[in-house]
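As provided, structure_4.pdb (PDB, C-alpha atoms) reads as follows.
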```pdb
MODEL        1
ATOM      1  CA  MET A 363       0.315   8.194  16.778
ATOM      2  CA  GLY A 364       1.126   8.732  13.138
ATOM      3  CA  VAL A 365      -0.025   7.405   9.797
ATOM      4  CA  TYR A 366      -0.224   3.667   9.200
ATOM      5  CA  LEU A 367      -1.024   1.376   6.287
ATOM      6  CA  VAL A 368      -3.157  -1.482   7.607
ATOM      7  CA  SER A 369      -5.129  -4.407   6.258
ATOM      8  CA  VAL A 370      -8.895  -4.589   6.711
ATOM      9  CA  ASP A 371     -10.900  -7.719   7.456
ATOM     10  CA  ALA A 372     -14.433  -8.561   6.264
ATOM     11  CA  ARG A 373     -16.167  -7.281   9.407
ATOM     12  CA  ASP A 374     -14.614  -3.830   9.060
ATOM     13  CA  TRP A 375     -14.830  -3.733   5.249
ATOM     14  CA  ARG A 376     -18.580  -4.327   5.098
ATOM     15  CA  GLY A 377     -19.334  -2.852   8.513
ATOM     16  CA  ASP A 378     -21.414   0.254   8.952
ATOM     17  CA  HIS A 379     -20.135   0.730  12.503
ATOM     18  CA  GLU A 380     -17.829   3.602  13.411
ATOM     19  CA  GLY A 381     -14.451   2.890  11.858
ATOM     20  CA  GLY A 382     -16.017   0.557   9.283
ATOM     21  CA  TYR A 383     -15.628   0.928   5.549
ATOM     22  CA  GLY A 384     -19.164  -0.093   4.519
ATOM     23  CA  GLU A 385     -19.887   3.070   2.531
ATOM     24  CA  ILE A 386     -16.583   2.804   0.685
ATOM     25  CA  ALA A 387     -17.176  -0.905  -0.013
ATOM     26  CA  SER A 388     -20.648  -0.139  -1.400
ATOM     27  CA  GLY A 389     -19.307   2.718  -3.529
ATOM     28  CA  LEU A 390     -16.589   0.444  -4.919
ATOM     29  CA  ASP A 391     -19.111  -2.289  -5.753
ATOM     30  CA  GLU A 392     -21.382   0.218  -7.510
ATOM     31  CA  GLU A 393     -18.501   1.483  -9.641
ATOM     32  CA  LEU A 394     -17.296  -2.046 -10.414
ATOM     33  CA  SER A 395     -20.836  -2.930 -11.515
ATOM     34  CA  ARG A 396     -20.979   0.176 -13.697
ATOM     35  CA  ARG A 397     -17.743  -1.013 -15.348
ATOM     36  CA  GLY A 398     -19.213  -4.481 -15.931
ATOM     37  CA  LEU A 399     -17.057  -6.105 -13.264
ATOM     38  CA  PRO A 400     -18.159  -8.332 -10.372
ATOM     39  CA  PRO A 401     -18.353  -6.878  -6.847
ATOM     40  CA  TYR A 402     -15.385  -7.223  -4.548
ATOM     41  CA  SER A 403     -16.802  -9.574  -1.947
ATOM     42  CA  SER A 404     -14.025 -11.991  -1.018
ATOM     43  CA  VAL A 405     -12.520 -10.097   1.912
ATOM     44  CA  PRO A 406     -11.083 -12.586   4.443
ATOM     45  CA  GLU A 407     -12.428 -12.885   7.957
ATOM     46  CA  GLU A 408     -10.387 -11.481  10.832
ATOM     47  CA  SER A 409      -7.150 -13.300  11.554
ATOM     48  CA  GLY A 410      -3.990 -12.072  13.221
ATOM     49  CA  ALA A 411      -1.985 -14.058  10.678
ATOM     50  CA  LEU A 412      -3.498 -12.008   7.866
ATOM     51  CA  GLU A 413      -2.666  -8.610   9.308
ATOM     52  CA  PHE A 414      -0.569  -5.990   7.598
ATOM     53  CA  GLY A 415       0.437  -2.876   9.486
ATOM     54  CA  GLU A 416       3.301  -0.512   8.805
ATOM     55  CA  LYS A 417       3.972   3.017  10.037
ATOM     56  CA  LEU A 418       4.831   5.773   7.585
ATOM     57  CA  SER A 419       7.550   7.451   9.596
ATOM     58  CA  PRO A 420      10.643   8.368   7.523
ATOM     59  CA  PRO A 421      10.661  11.567   5.438
ATOM     60  CA  MET A 422       9.260  11.057   1.912
ATOM     61  CA  ASP A 423      11.351  13.630   0.027
ATOM     62  CA  GLY A 424      13.730  11.138  -1.595
ATOM     63  CA  PHE A 425      10.861   8.820  -2.494
ATOM     64  CA  VAL A 426       8.965  11.661  -4.169
ATOM     65  CA  GLU A 427      12.105  12.545  -6.164
ATOM     66  CA  LEU A 428      12.545   8.903  -7.168
ATOM     67  CA  CYS A 429       8.925   8.697  -8.336
ATOM     68  CA  ARG A 430       9.233  11.891 -10.355
ATOM     69  CA  ALA A 431      12.442  10.653 -11.971
ATOM     70  CA  ARG A 432      11.146   7.164 -12.825
ATOM     71  CA  LEU A 433       7.364   7.445 -13.234
ATOM     72  CA  THR A 434       4.934   9.547 -15.216
ATOM     73  CA  ARG A 435       2.645  11.836 -13.253
ATOM     74  CA  ASP A 436      -0.266   9.408 -13.767
ATOM     75  CA  GLU A 437       1.866   6.470 -12.601
ATOM     76  CA  GLU A 438       2.933   8.417  -9.530
ATOM     77  CA  GLU A 439      -0.732   9.091  -8.718
ATOM     78  CA  THR A 440      -1.550   5.400  -9.127
ATOM     79  CA  LEU A 441       1.295   4.387  -6.824
ATOM     80  CA  CYS A 442       0.842   7.019  -4.133
ATOM     81  CA  GLY A 443      -2.519   8.740  -4.559
ATOM     82  CA  TRP A 444      -4.889   6.146  -3.163
ATOM     83  CA  ALA A 445      -6.608   5.889   0.200
ATOM     84  CA  VAL A 446      -7.720   2.270  -0.297
ATOM     85  CA  LEU A 447      -5.867  -0.516  -2.108
ATOM     86  CA  VAL A 448      -7.879  -3.551  -3.229
ATOM     87  CA  PRO A 449      -6.797  -6.848  -4.829
ATOM     88  CA  VAL A 450      -8.784  -6.076  -7.966
ATOM     89  CA  SER A 451      -7.283  -5.072 -11.302
ATOM     90  CA  LEU A 452      -8.411  -1.516 -12.069
ATOM     91  CA  ASP A 453      -7.374   0.158 -15.313
ATOM     92  CA  GLU A 454      -7.941   3.458 -13.565
ATOM     93  CA  GLU A 455      -8.506   4.399  -9.964
ATOM     94  CA  ILE A 456     -12.022   4.691  -8.601
ATOM     95  CA  THR A 457     -13.069   7.735  -6.624
ATOM     96  CA  VAL A 458     -16.076   7.374  -4.344
ATOM     97  CA  PRO A 459     -17.738  10.393  -2.712
ATOM     98  CA  VAL A 460     -17.135   9.098   0.796
ATOM     99  CA  GLY A 461     -14.619  10.670   3.139
ATOM    100  CA  SER A 462     -11.648   8.572   4.188
ATOM    101  CA  ALA A 463      -9.148   9.005   7.012
ATOM    102  CA  TYR A 464      -7.441  12.028   5.434
ATOM    103  CA  THR A 465      -9.553  13.147   2.453
ATOM    104  CA  GLU A 466     -13.109  14.175   1.594
ATOM    105  CA  THR A 467     -13.367  11.541  -1.144
ATOM    106  CA  THR A 468     -11.809   8.105  -1.304
ATOM    107  CA  VAL A 469      -9.509   7.065  -4.126
ATOM    108  CA  ILE A 470      -9.320   3.296  -4.609
ATOM    109  CA  ALA A 471      -6.461   1.712  -6.549
ATOM    110  CA  GLY A 472      -5.907  -1.811  -7.796
ATOM    111  CA  ALA A 473      -3.114  -3.779  -6.139
ATOM    112  CA  PRO A 474      -1.911  -5.293  -9.455
ATOM    113  CA  GLN A 475      -1.255  -1.827 -10.861
ATOM    114  CA  VAL A 476       0.424  -0.570  -7.680
ATOM    115  CA  LEU A 477       2.538  -3.723  -7.514
ATOM    116  CA  ALA A 478       3.786  -3.287 -11.088
ATOM    117  CA  LEU A 479       4.894   0.287 -10.366
ATOM    118  CA  ALA A 480       6.511  -0.601  -7.045
ATOM    119  CA  GLN A 481       8.368  -3.470  -8.740
ATOM    120  CA  ARG A 482       9.706  -1.042 -11.358
ATOM    121  CA  LEU A 483      11.040   1.251  -8.650
ATOM    122  CA  ALA A 484      12.432  -1.694  -6.663
ATOM    123  CA  SER A 485      14.279  -2.882  -9.743
ATOM    124  CA  ALA A 486      15.566   0.614 -10.524
ATOM    125  CA  ILE A 487      17.149   0.998  -7.085
ATOM    126  CA  GLY A 488      18.185  -2.643  -6.711
ATOM    127  CA  LEU A 489      16.058  -3.278  -3.623
ATOM    128  CA  PRO A 490      17.459  -6.451  -2.031
ATOM    129  CA  PRO A 491      15.309  -9.587  -2.053
ATOM    130  CA  MET A 492      15.802 -10.282   1.656
ATOM    131  CA  LEU A 493      13.410  -7.564   2.807
ATOM    132  CA  PRO A 494      11.018  -8.812   5.440
ATOM    133  CA  VAL A 495       7.766 -10.216   4.109
ATOM    134  CA  THR A 496       5.412  -8.781   6.653
ATOM    135  CA  SER A 497       3.860 -11.419   8.835
ATOM    136  CA  ARG A 498       3.594  -9.247  11.922
ATOM    137  CA  ASN A 499       2.800  -5.594  12.361
ATOM    138  CA  LEU A 500       5.707  -3.225  11.771
ATOM    139  CA  ASP A 501       8.112  -5.880  10.388
ATOM    140  CA  LEU A 502       9.225  -3.673   7.527
ATOM    141  CA  THR A 503       9.205  -0.470   9.578
ATOM    142  CA  SER A 504      11.354  -2.105  12.255
ATOM    143  CA  TRP A 505      13.782  -3.556   9.708
ATOM    144  CA  PHE A 506      14.425  -0.122   8.238
ATOM    145  CA  LEU A 507      14.490   1.764  11.538
ATOM    146  CA  ASP A 508      16.305  -0.651  13.876
ATOM    147  CA  GLY A 509      19.540  -0.755  11.896
ATOM    148  CA  SER A 510      19.119  -4.015   9.957
ATOM    149  CA  ALA A 511      18.666  -2.096   6.704
ATOM    150  CA  LYS A 512      21.914  -0.158   7.331
ATOM    151  CA  GLU A 513      23.763  -3.403   8.028
ATOM    152  CA  THR A 514      22.371  -4.969   4.854
ATOM    153  CA  ALA A 515      23.248  -1.860   2.833
ATOM    154  CA  ALA A 516      26.844  -2.112   4.068
ATOM    155  CA  ALA A 517      26.985  -5.788   3.092
ATOM    156  CA  ARG A 518      25.029  -5.387  -0.171
ATOM    157  CA  PRO A 519      25.782  -1.875  -1.414
ATOM    158  CA  GLY A 520      23.773  -0.392  -4.204
ATOM    159  CA  PRO A 521      21.495   2.508  -5.065
ATOM    160  CA  TRP A 522      18.860   1.288  -2.588
ATOM    161  CA  GLY A 523      21.255   1.861   0.324
ATOM    162  CA  GLN A 524      22.041   5.456  -0.647
ATOM    163  CA  ASP A 525      18.629   6.674   0.516
ATOM    164  CA  LEU A 526      17.088   4.249   2.989
ATOM    165  CA  ASP A 527      14.077   6.505   3.540
ATOM    166  CA  ALA A 528      13.177   6.362  -0.166
ATOM    167  CA  SER A 529      13.844   2.615  -0.182
ATOM    168  CA  PHE A 530      11.508   2.194   2.792
ATOM    169  CA  TYR A 531       8.605   3.652   0.798
ATOM    170  CA  VAL A 532       9.398   1.552  -2.266
ATOM    171  CA  ALA A 533       9.400  -1.523  -0.015
ATOM    172  CA  LEU A 534       6.257  -0.351   1.784
ATOM    173  CA  TYR A 535       4.177  -0.006  -1.383
ATOM    174  CA  LEU A 536       5.661  -3.223  -2.773
ATOM    175  CA  ARG A 537       4.798  -5.240   0.349
ATOM    176  CA  ALA A 538       1.360  -3.609   0.719
ATOM    177  CA  ALA A 539       0.374  -4.568  -2.836
ATOM    178  CA  GLN A 540       1.811  -8.064  -2.437
ATOM    179  CA  HIS A 541      -0.049  -8.562   0.839
ATOM    180  CA  SER A 542      -3.316  -7.304  -0.624
ATOM    181  CA  LEU A 543      -3.040  -9.747  -3.517
ATOM    182  CA  ARG A 544      -1.778 -12.687  -1.456
ATOM    183  CA  ARG A 545      -4.408 -12.337   1.285
ATOM    184  CA  GLY A 546      -7.227 -10.860  -0.792
ATOM    185  CA  CYS A 547      -7.718  -7.954   1.602
ATOM    186  CA  PRO A 548      -7.958  -4.184   1.294
ATOM    187  CA  ILE A 549      -5.157  -1.996   2.628
ATOM    188  CA  VAL A 550      -6.063   1.454   3.980
ATOM    189  CA  TYR A 551      -4.414   4.459   5.575
ATOM    190  CA  SER A 552      -5.229   4.703   9.258
TER     191      SER A 552
ENDMDL
END
```
Using the file provided, produce a representation of the structure as structure tokens.
Amino acid sequence: MGVYLVSVDARDWRGDHEGGYGEIASGLDEELSRRGLPPYSSVPEESGALEFGEKLSPPMDGFVELCRARLTRDEEETLCGWAVLVPVSLDEEITVPVGSAYTETTVIAGAPQVLALAQRLASAIGLPPMLPVTSRNLDLTSWFLDGSAKETAAARPGPWGQDLDASFYVALYLRAAQHSLRRGCPIVYS
């Protein structure tokens, strides 16, 4: 078990079946309309090649410290405080009164904003460019947990290698936002 970040396809995004996100999707569209923006309707159909899935397993203490040292409180909330990430530019997060996996309301953030913050942190710690670009479930999680990250840190030392747990979360949010934008899909906690 555990907590995962996963991509959502069109069937689950618009679905009103158990485990679907139809109420959240409708709430997002209503708020986008209220803001004068078009609805978010271009969620891709199901495809194994489009999947994103990573497990949040390492401790977050170092990542939280990094965020507090490098980001404002509002920026930290934008980066870490969402339950749903969508490939839509949002000047501020949207909260819909629908329960999500771990909260009574659902906070929705825009992937462009999350990406910009994750890129700032990645730059600050010198995150190496050869991180896996997730094409299968748990690519990034495995890279950090199976020893490849330690080997890379030994070969390419820098601040990123001093706290691999914190670097994992920087990479996780970076890759989640990139995937959301590249594939046009929502990312949710599961």
Ground truth for the PyMOL selection byres ((chain A and resi 522-533) around 10), written as number ranges by chain: A: 418-429, 441-442, 479-490, 493-495, 502-503, 505-507, 511-521, 534-539
Kindly export the residues of the current selection with C-alpha atoms, as a compact mmCIF listing (two decimals), in the frame of the given file.
```txt
# COMPACT_ATOMS: atom_id res chain seq x y z
CA LEU A 418 4.83 5.77 7.58
CA SER A 419 7.55 7.45 9.60
CA PRO A 420 10.64 8.37 7.52
CA PRO A 421 10.66 11.57 5.44
CA MET A 422 9.26 11.06 1.91
CA ASP A 423 11.35 13.63 0.03
CA GLY A 424 13.73 11.14 -1.60
CA PHE A 425 10.86 8.82 -2.49
CA VAL A 426 8.96 11.66 -4.17
CA GLU A 427 12.10 12.54 -6.16
CA LEU A 428 12.54 8.90 -7.17
CA CYS A 429 8.93 8.70 -8.34
CA LEU A 441 1.30 4.39 -6.82
CA CYS A 442 0.84 7.02 -4.13
CA LEU A 479 4.89 0.29 -10.37
CA ALA A 480 6.51 -0.60 -7.04
CA GLN A 481 8.37 -3.47 -8.74
CA ARG A 482 9.71 -1.04 -11.36
CA LEU A 483 11.04 1.25 -8.65
CA ALA A 484 12.43 -1.69 -6.66
CA SER A 485 14.28 -2.88 -9.74
CA ALA A 486 15.57 0.61 -10.52
CA ILE A 487 17.15 1.00 -7.08
CA GLY A 488 18.18 -2.64 -6.71
CA LEU A 489 16.06 -3.28 -3.62
CA PRO A 490 17.46 -6.45 -2.03
CA LEU A 493 13.41 -7.56 2.81
CA PRO A 494 11.02 -8.81 5.44
CA VAL A 495 7.77 -10.22 4.11
CA LEU A 502 9.22 -3.67 7.53
CA THR A 503 9.20 -0.47 9.58
CA TRP A 505 13.78 -3.56 9.71
CA PHE A 506 14.42 -0.12 8.24
CA LEU A 507 14.49 1.76 11.54
CA ALA A 511 18.67 -2.10 6.70
CA LYS A 512 21.91 -0.16 7.33
CA GLU A 513 23.76 -3.40 8.03
CA THR A 514 22.37 -4.97 4.85
CA ALA A 515 23.25 -1.86 2.83
CA ALA A 516 26.84 -2.11 4.07
CA ALA A 517 26.98 -5.79 3.09
CA ARG A 518 25.03 -5.39 -0.17
CA PRO A 519 25.78 -1.88 -1.41
CA GLY A 520 23.77 -0.39 -4.20
CA PRO A 521 21.50 2.51 -5.07
CA LEU A 534 6.26 -0.35 1.78
CA TYR A 535 4.18 -0.01 -1.38
CA LEU A 536 5.66 -3.22 -2.77
CA ARG A 537 4.80 -5.24 0.35
CA ALA A 538 1.36 -3.61 0.72
CA ALA A 539 0.37 -4.57 -2.84
```
Apply the PyMOL selection byres ((chain A and resi 459-466) around 9) to the displayed file and report the matching residues as a list in words. Tyr383, Glu385, Ile386, Gly389, Ala445, Val446, Thr457, Val458, Thr467, Thr468, Val469, Val550, Tyr551 and Ser552 of chain A
Those same residues, written as a PDB file, keeping the file's coordinate frame with C-alpha atoms?
```pdb
ATOM      1  CA  TYR A 383     -15.628   0.928   5.549  1.00  0.00           C
ATOM      2  CA  GLU A 385     -19.887   3.070   2.531  1.00  0.00           C
ATOM      3  CA  ILE A 386     -16.583   2.804   0.685  1.00  0.00           C
ATOM      4  CA  GLY A 389     -19.307   2.718  -3.529  1.00  0.00           C
ATOM      5  CA  ALA A 445      -6.608   5.889   0.200  1.00  0.00           C
ATOM      6  CA  VAL A 446      -7.720   2.270  -0.297  1.00  0.00           C
ATOM      7  CA  THR A 457     -13.069   7.735  -6.624  1.00  0.00           C
ATOM      8  CA  VAL A 458     -16.076   7.374  -4.344  1.00  0.00           C
ATOM      9  CA  THR A 467     -13.367  11.541  -1.144  1.00  0.00           C
ATOM     10  CA  THR A 468     -11.809   8.105  -1.304  1.00  0.00           C
ATOM     11  CA  VAL A 469      -9.509   7.065  -4.126  1.00  0.00           C
ATOM     12  CA  VAL A 550      -6.063   1.454   3.980  1.00  0.00           C
ATOM     13  CA  TYR A 551      -4.414   4.459   5.575  1.00  0.00           C
ATOM     14  CA  SER A 552      -5.229   4.703   9.258  1.00  0.00           C
TER      15      SER A 552
END
```
Please evaluate the PyMOL selection byres ((chain A and resi 475) around 8) against the structure above and give the resulting residues as a ChimeraX atom specification. /A:440-441,451-453,471-474,476-479
Give me, please, the distance in Å between CA of Gly381 (chain A) and CA of Ser504 (chain A), quoted to one decimal. 26.3 Å
Å distance separating CA of Val365 (chain A) from CA of Pro401 (chain A), one decimal place: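 If I compute the distance from CA of Val365 (chain A) to CA of Pro401 (chain A), I get 28.6 Å.
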Nearest residue to Arg373 (chain A) from the set A:Cys547, A:Ala431, A:Ile470, A:Leu390 (distances using only C-alpha atoms):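 Closest candidate: A:Cys547.
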From the list A:Lys417, A:Arg376, A:Glu438, A:Val450, the nearest residue to Leu399 (chain A) using all atoms listed in the file is A:Val450
